[in-house]
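Working notes for the structure below.
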Amino acid sequence: MSNSPTDEVIIHSSDLETAQHNVAAAHPEADAAAQGVPGIDGPPSAAPDGVQELPEAGGSARAGRQAATVSMQQALNHALAEILAADPKALVLGEDVGVLGGVFRITDKLQARFGAARVFDTPLAESGILGMSVGLAMAGFHPIPEVQFDGFAYPAVNQIICQVARMNYRSRGTMPMPITLRVPSFGGIRAPEHHGESLEALFAHVPGLKVVSPSSPQEAYSQLKYAASLPDPVIFMEPKSRYWQKGEVMFDDDGVQPGTAGAPFTEAAVREKTAAAAGQNPNLGSKVVRPGKHLTLVAWGAMVARCLTVAELAAEDGIEVEVLDLRWLKPLDAAGLAASVNKTRRAVVVHEAPLSAGLGAEVAALITQQCFGTLRAPVERVTGFDVPYPSGDLEDEYIPNIDRILFGIQRVLEYRRG
Amino acid sequence: MTLSSATAGAALVGADAVPAPSGPELRRLYELMVAVRHLDTSAVAWQRQGLIPGYAPELGQEAAQVGSGFAVDLERDFVFPTYREMGVARAMGVDMVGYMSTHKATWHGGMYDPVASRMAPIQAVVAGSVLHAVGWAHGQTLNVVRENSVQGNQSDEIPDRQSAEPLGVAVAYFGDGASSQGDVHEAMNFAAVMKAPVVFFTQNNGWAISVPTEKQVAGGSVAARAAGYGIPALQIDGNDVAAVLMAMRQALAHCRAGNGPVLIEAMTYRRGPHSTSDDPGRYRTLEAERQDAGADPISRLREKLLAEGLADQEFFDSALAAAKVEEEEIRAGMASLDSRPGSEMFDFVFQESTPALAEQARRWREETEHV
């Protein structure tokens, strides 16, 4: 495998190893983590030992619950295979998702297993993919479209905002939109322009959409299966810089619950579902991924691993940082934020997206509203800047790095009233 | 009857086997067109009287709308309307109070049941629903694949459609203005690549608010564009209801047999304003209007019925009387149509609501309804 600069941006390559290599080249620490070596962003929970052999990618049947150490790409691939196997209405569609298996191989071998009717390539037009998904949902199907990169969602924004998000409302609940839109998201892989965008604030602002971003292989596997079981549209933001990071995943012993697509709307049905959802659903809300008592770092997607690394470093100075993986960006887990920050009394929100009107502002408002009496300092935001997402050479200047997050923590800890 | 293929593209399959409209069908079309005309002109009056805040008249497009809607098979087809499809809705038997309620600002998509009516909610986004038609139509093809695999056919590939069950067809309505939208082109390409059973039904009514077709549509016509996608196209006299019905039946037969999409461009004329807020005097003269509109489609059908001995004055009088009774009933239904409860703002956002939205609904109820 050559290591010429050109290789770093060839993400359309048909060679799986090339894509892995690109991430590794861009993030040597990522490669280290993938090898089970603790790296800058390597998940502390990564278990390099005792790795179990995972069934072949593309997902063959498994018996019983089974744990294995897999990459996020493999976890997502298995989740899709289980969804397709369990839900006859589920369809995977998008650009290059068929024979190629997607440019990131998330749909690898799915077409071979489930056929070209259920896993199919569309022409290269994102508005078409989302508009077609609306019609498929109207016909009772459960589309799982892929938009190849975050920035490619822009041509589909009209269909996403005006149609996907509103058809249930417009039709008074008679035409649900059980569409799970997968979007390889965020930056960090030295990719070309509009391949590194963070769209969560845009989508979270749209009534009718739900937005989730997994931070680990386990979250990716569980949340994709959960999102695909929902009768509402979900924007599923996959942190592409974490695709090749491994972590332990506890796989389900059975397939996903078939979606409720096409189920008639009744108030009773919704009450029932809402009540069930209010129970102990492990997929809902935020999750404390590292407990601490001095300060809460709030993050999602690829920034969770980075915040865990920051917490390790801060611990060396005796600062116990709690890391809260927000997971769901719409709806936001107000109670989870309050529980953590009322304990730590300080908070820093970290995201890759630009600062102004970013989701960090909403998080800060929720924390301030709920924890005003206990807060020791204003909520700090460590984010990307209000600039177009920069070229690969400047990417590391833009994405919050360990130093910038540590500076943010320092500002909060050193804050004095008056 | 003028039925001319506009392009040198693909030809319709099985068009010769489609019968011309019968005498009873032509009489029924006349009754429907008169009902639609009377409701349409009444709705403009309702707006002036303050019963409804606005309306988008379809005056002059009765033949294109009634003729096409009449051809739809309500058992298996599905229609994707714009905001100017009252005549289609009436021809399909949609609940007209439910349809017109969108113009009373009761609910954006209308209060009719879109699933039972076989008509998607009213669409305000120009060209917004054309892609939905492609998705729905491809779903009909996939249903056949699934039935085949249930029956022991192991192939998951799209089967040869010629031997399979007749397909449900999606009918996508859009105008000459919408034909400029990228979504229409994406839809035609998707449908052609996937051989989806879609009738793209363009009503070219000459005007996109104030912009005439010649400043809107390059390449001579909307129908001409179909050739680029290998889609058969028919450019027809959209003011001749028999020609519209005939073309629509041919297109539906072509799609139903699995031959892929068809485009129909029905040439008609928007005799009224774009909406009750519009002032056509700013962009066209009454003289030009009279000249460009041509003969009234209802008058043309009346003359045809008389010439062929299919109807007499008594029939025409009773059709008008029935239209007036119908309009009065719809008007009464509209007048008694209450606003929806404010709680419905929250009820239909999701199938499964969220804690955050529930909290907003609770706050709204507390501060607005004082409960």
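Residue numbers start at 1 in each chain; chains themselves are named A, B, ... in the order of the structure tokens; ligands are numbered from 1 in the order shown.
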Extract the full set of alpha helix (DSSP H) residues from stretch 12-232 of chain B according to DSSP on the backbone, and format it as a ChimeraX atom specification. /B:23-49,62-71,86-92,96-100,114-117,130-150,182-194,222-225
What's the 12 Å shell around B:Val125, counting only C-alpha atoms, without same-chain residues fewer than 2 positions away, as a ChimeraX atom specification? /A:158-159,161-163,166 /B:80-84,108-109,121-123,127-131,174-175,177-178,181,183
Please provide the set of residues having any atom within 12 Å of B:Leu26, restricted to only C-alpha atoms, with same-chain residues fewer than 3 positions apart removed, written as an MDAnalysis selection string. chainID B and resid 20:23 29:33 63 66:67 70 240:246 298 300:306 308:311
Same residues, N, CA and C atoms, output as a short mmCIF file (atom, residue, chain, number, x, y, z; two decimals), in the first residue's frame:
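And here is the file that came out, out-v8.cif:
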data_model
loop_
_atom_site.label_atom_id
_atom_site.label_comp_id
_atom_site.auth_asym_id
_atom_site.auth_seq_id
_atom_site.Cartn_x
_atom_site.Cartn_y
_atom_site.Cartn_z
N ALA B 20 -61.75 4.33 -26.44
CA ALA B 20 -62.12 5.75 -26.31
C ALA B 20 -63.22 5.87 -25.27
N PRO B 21 -63.34 7.05 -24.64
CA PRO B 21 -64.39 7.24 -23.63
C PRO B 21 -65.77 6.98 -24.22
N SER B 22 -66.63 6.32 -23.43
CA SER B 22 -67.98 5.99 -23.90
C SER B 22 -68.90 7.19 -23.70
N GLY B 23 -70.10 7.09 -24.27
CA GLY B 23 -71.10 8.16 -24.10
C GLY B 23 -71.41 8.43 -22.64
N LEU B 29 -68.25 12.95 -17.19
CA LEU B 29 -67.17 13.94 -17.19
C LEU B 29 -67.75 15.36 -17.22
N TYR B 30 -68.83 15.52 -17.99
CA TYR B 30 -69.45 16.85 -18.07
C TYR B 30 -69.99 17.26 -16.69
N GLU B 31 -70.69 16.35 -16.05
CA GLU B 31 -71.24 16.66 -14.72
C GLU B 31 -70.13 17.04 -13.74
N LEU B 32 -69.06 16.28 -13.78
CA LEU B 32 -67.94 16.57 -12.87
C LEU B 32 -67.30 17.93 -13.19
N MET B 33 -67.12 18.21 -14.45
CA MET B 33 -66.48 19.48 -14.83
C MET B 33 -67.35 20.67 -14.42
N ALA B 63 -60.86 20.32 -17.71
CA ALA B 63 -60.72 19.11 -18.53
C ALA B 63 -59.46 18.33 -18.13
N VAL B 66 -60.17 16.95 -14.33
CA VAL B 66 -61.23 15.93 -14.22
C VAL B 66 -60.90 14.72 -15.09
N GLY B 67 -60.42 14.98 -16.30
CA GLY B 67 -60.11 13.87 -17.21
C GLY B 67 -59.03 12.96 -16.65
N PHE B 70 -60.28 11.18 -13.25
CA PHE B 70 -61.31 10.18 -13.56
C PHE B 70 -60.70 8.84 -13.94
N ASP B 240 -59.36 19.33 -23.94
CA ASP B 240 -60.25 18.33 -24.55
C ASP B 240 -60.31 17.15 -23.58
N VAL B 241 -61.39 17.07 -22.81
CA VAL B 241 -61.42 16.10 -21.71
C VAL B 241 -61.34 14.66 -22.22
N ALA B 242 -61.88 14.40 -23.39
CA ALA B 242 -61.81 13.05 -23.94
C ALA B 242 -60.36 12.69 -24.26
N ALA B 243 -59.62 13.67 -24.79
CA ALA B 243 -58.20 13.43 -25.11
C ALA B 243 -57.40 13.20 -23.83
N VAL B 244 -57.74 13.94 -22.79
CA VAL B 244 -57.02 13.78 -21.51
C VAL B 244 -57.27 12.39 -20.94
N LEU B 245 -58.54 11.98 -20.92
CA LEU B 245 -58.88 10.67 -20.36
C LEU B 245 -58.20 9.56 -21.15
N MET B 246 -58.24 9.70 -22.47
CA MET B 246 -57.64 8.70 -23.36
C MET B 246 -56.12 8.60 -23.11
N ILE B 298 -65.41 23.42 -21.02
CA ILE B 298 -66.77 22.93 -20.76
C ILE B 298 -67.66 23.16 -21.98
N ARG B 300 -66.66 23.25 -24.99
CA ARG B 300 -66.23 22.30 -26.01
C ARG B 300 -66.87 20.93 -25.80
N LEU B 301 -66.92 20.49 -24.52
CA LEU B 301 -67.53 19.19 -24.25
C LEU B 301 -69.03 19.24 -24.53
N ARG B 302 -69.66 20.38 -24.19
CA ARG B 302 -71.11 20.51 -24.44
C ARG B 302 -71.40 20.37 -25.94
N GLU B 303 -70.58 21.04 -26.74
CA GLU B 303 -70.79 20.95 -28.20
C GLU B 303 -70.58 19.53 -28.70
N LYS B 304 -69.59 18.87 -28.14
CA LYS B 304 -69.32 17.48 -28.56
C LYS B 304 -70.51 16.58 -28.20
N LEU B 305 -71.02 16.76 -26.98
CA LEU B 305 -72.15 15.93 -26.54
C LEU B 305 -73.38 16.17 -27.42
N LEU B 306 -73.59 17.44 -27.78
CA LEU B 306 -74.73 17.78 -28.64
C LEU B 306 -74.53 17.20 -30.04
N GLU B 308 -72.82 14.70 -30.96
CA GLU B 308 -72.89 13.23 -31.02
C GLU B 308 -74.21 12.71 -30.49
N GLY B 309 -75.12 13.63 -30.16
CA GLY B 309 -76.44 13.23 -29.69
C GLY B 309 -76.42 12.53 -28.34
N LEU B 310 -75.44 12.86 -27.52
CA LEU B 310 -75.29 12.17 -26.24
C LEU B 310 -75.99 12.90 -25.10
N ALA B 311 -76.38 14.16 -25.31
CA ALA B 311 -77.00 14.93 -24.23
C ALA B 311 -77.84 16.05 -24.82
#
Considering only C-alpha atoms, give me a table of residues in stretch 170-223 of chain B that are at most 12 Å from stretch 9-18 of chain B, with the closest atom pair and distance in Å for each, as a Markdown table.
| residue | atom | partner | partner_atom | distance |
| --- | --- | --- | --- | --- |
| B:Ala192 | CA | B:Ala10 | CA | 11.2 |
| B:Val199 | CA | B:Leu12 | CA | 11.9 |
| B:Ala223 | CA | B:Gly9 | CA | 10.2 |
Using only C-alpha atoms, what table do you get, as a tab-separated table, when you list each residue of chain A with an atom no more than 8 Å from chain B, its nearest pair of atoms, and their distance in Å rounded to one decimal, rows by chain then rising number?
residue	atom	partner	partner_atom	distance
A:Phe114	CA	B:Asp156	CA	7.4
A:Gly115	CA	B:Asp156	CA	4.9
A:Ala116	CA	B:Glu157	CA	5.6
A:Ala117	CA	B:Glu157	CA	5.6
A:Arg118	CA	B:Asp156	CA	7.9
A:Thr122	CA	B:Phe190	CA	7.4
A:Pro123	CA	B:Phe190	CA	6.5
A:Ala125	CA	B:Glu186	CA	6.8
A:Ser127	CA	B:Asp183	CA	6.8
A:Gly128	CA	B:Glu186	CA	5.7
A:Gly131	CA	B:Leu131	CA	4.9
A:Met132	CA	B:Gly135	CA	4.0
A:Ser133	CA	B:Gly135	CA	6.0
A:Val134	CA	B:His132	CA	5.6
A:Gly135	CA	B:His132	CA	3.9
A:Leu136	CA	B:Gly135	CA	4.6
A:Ala137	CA	B:Trp136	CA	7.6
A:Met138	CA	B:Trp136	CA	6.4
A:Ala139	CA	B:Trp136	CA	5.2
A:Phe141	CA	B:Gly139	CA	7.4
A:Gln159	CA	B:Gly128	CA	7.3
A:Cys162	CA	B:Val125	CA	7.7
A:Gln163	CA	B:Gly128	CA	7.5
A:Arg166	CA	B:Val349	CA	7.3
A:Asn168	CA	B:Phe348	CA	6.4
A:Tyr169	CA	B:Phe348	CA	4.6
A:Arg170	CA	B:Gly109	CA	4.9
A:Ser171	CA	B:Pro121	CA	5.9
A:Arg172	CA	B:Phe348	CA	5.6
A:Gly173	CA	B:Phe348	CA	5.5
A:Thr174	CA	B:Val115	CA	7.0
A:Met175	CA	B:Val115	CA	7.6
A:Pro176	CA	B:Gln351	CA	6.9
A:Pro207	CA	B:Val349	CA	7.0
A:Gly208	CA	B:Val349	CA	5.2
A:Leu230	CA	B:Glu352	CA	7.9
A:Pro231	CA	B:Gln351	CA	6.1
A:Asp232	CA	B:Phe350	CA	6.1
A:Phe265	CA	B:Gln351	CA	7.1
A:Val270	CA	B:Glu352	CA	5.9
A:Lys273	CA	B:Glu352	CA	6.5
A:Thr274	CA	B:Glu352	CA	6.2
A:Pro331	CA	B:Thr354	CA	6.4
A:Leu332	CA	B:Ala356	CA	7.6
Write the residues you've just listed into a file as a tab-separated table (two decimals), in the first residue's frame, and include C-alpha atoms for each of them.
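Generated output (again-v9.tsv):
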chain	number	residue	atom	x	y	z
A	114	PHE	CA	-30.44	-9.55	0.92
A	115	GLY	CA	-30.71	-8.97	-2.81
A	116	ALA	CA	-30.70	-5.96	-5.09
A	117	ALA	CA	-34.36	-5.26	-4.38
A	118	ARG	CA	-33.71	-4.49	-0.71
A	122	THR	CA	-29.68	4.99	-6.66
A	123	PRO	CA	-28.64	7.60	-9.20
A	125	ALA	CA	-28.83	12.76	-6.45
A	127	SER	CA	-32.71	15.07	-3.04
A	128	GLY	CA	-33.87	12.13	-5.12
A	131	GLY	CA	-37.67	12.26	-1.81
A	132	MET	CA	-37.87	8.67	-2.94
A	133	SER	CA	-37.56	7.53	0.66
A	134	VAL	CA	-40.63	9.61	1.54
A	135	GLY	CA	-42.62	7.83	-1.17
A	136	LEU	CA	-41.34	4.42	-0.09
A	137	ALA	CA	-42.42	5.20	3.47
A	138	MET	CA	-45.85	6.20	2.16
A	139	ALA	CA	-45.99	2.79	0.48
A	141	PHE	CA	-41.61	0.58	3.57
A	159	GLN	CA	-36.71	17.15	1.07
A	162	CYS	CA	-40.08	20.18	4.02
A	163	GLN	CA	-41.04	16.54	3.47
A	166	ARG	CA	-43.32	17.13	8.08
A	168	ASN	CA	-46.43	12.82	9.54
A	169	TYR	CA	-47.64	16.24	10.70
A	170	ARG	CA	-49.13	17.26	7.35
A	171	SER	CA	-51.02	13.97	7.12
A	172	ARG	CA	-52.22	14.17	10.72
A	173	GLY	CA	-50.31	11.05	11.64
A	174	THR	CA	-51.72	8.90	8.85
A	175	MET	CA	-48.45	8.81	6.90
A	176	PRO	CA	-45.59	8.11	9.32
A	207	PRO	CA	-39.38	20.06	14.13
A	208	GLY	CA	-40.20	16.45	13.30
A	230	LEU	CA	-38.70	4.05	15.57
A	231	PRO	CA	-41.76	5.17	13.58
A	232	ASP	CA	-40.26	8.66	13.17
A	265	PHE	CA	-52.06	6.70	14.54
A	270	VAL	CA	-48.87	7.00	21.26
A	273	LYS	CA	-45.42	3.97	23.27
A	274	THR	CA	-44.51	7.09	25.23
A	331	PRO	CA	-34.38	15.32	21.90
A	332	LEU	CA	-31.71	16.58	24.30
When you draw a straight line from atom CA of B:Arg271 to atom CA of B:Ala293, how long is it in Å?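 Atom-to-atom, atom CA of B:Arg271 and atom CA of B:Ala293 are spaced 6.7 Å apart.
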Could you tell me, as a VMD selection string, which residues of stretch 155-200 of chain A DSSP assigns to strand (DSSP E) when given the backbone? chain A and resid 180 to 185
Take the selection from the previous step and output its residues with C-alpha atoms, as a compact mmCIF listing (two decimals), in the first residue's frame.
# COMPACT_ATOMS: atom_id res chain seq x y z
CA THR A 180 -33.39 6.41 9.30
CA LEU A 181 -30.98 8.62 7.38
CA ARG A 182 -27.39 7.55 7.87
CA VAL A 183 -24.88 10.36 7.45
CA PRO A 184 -21.12 9.79 7.79
CA SER A 185 -20.40 12.97 9.72
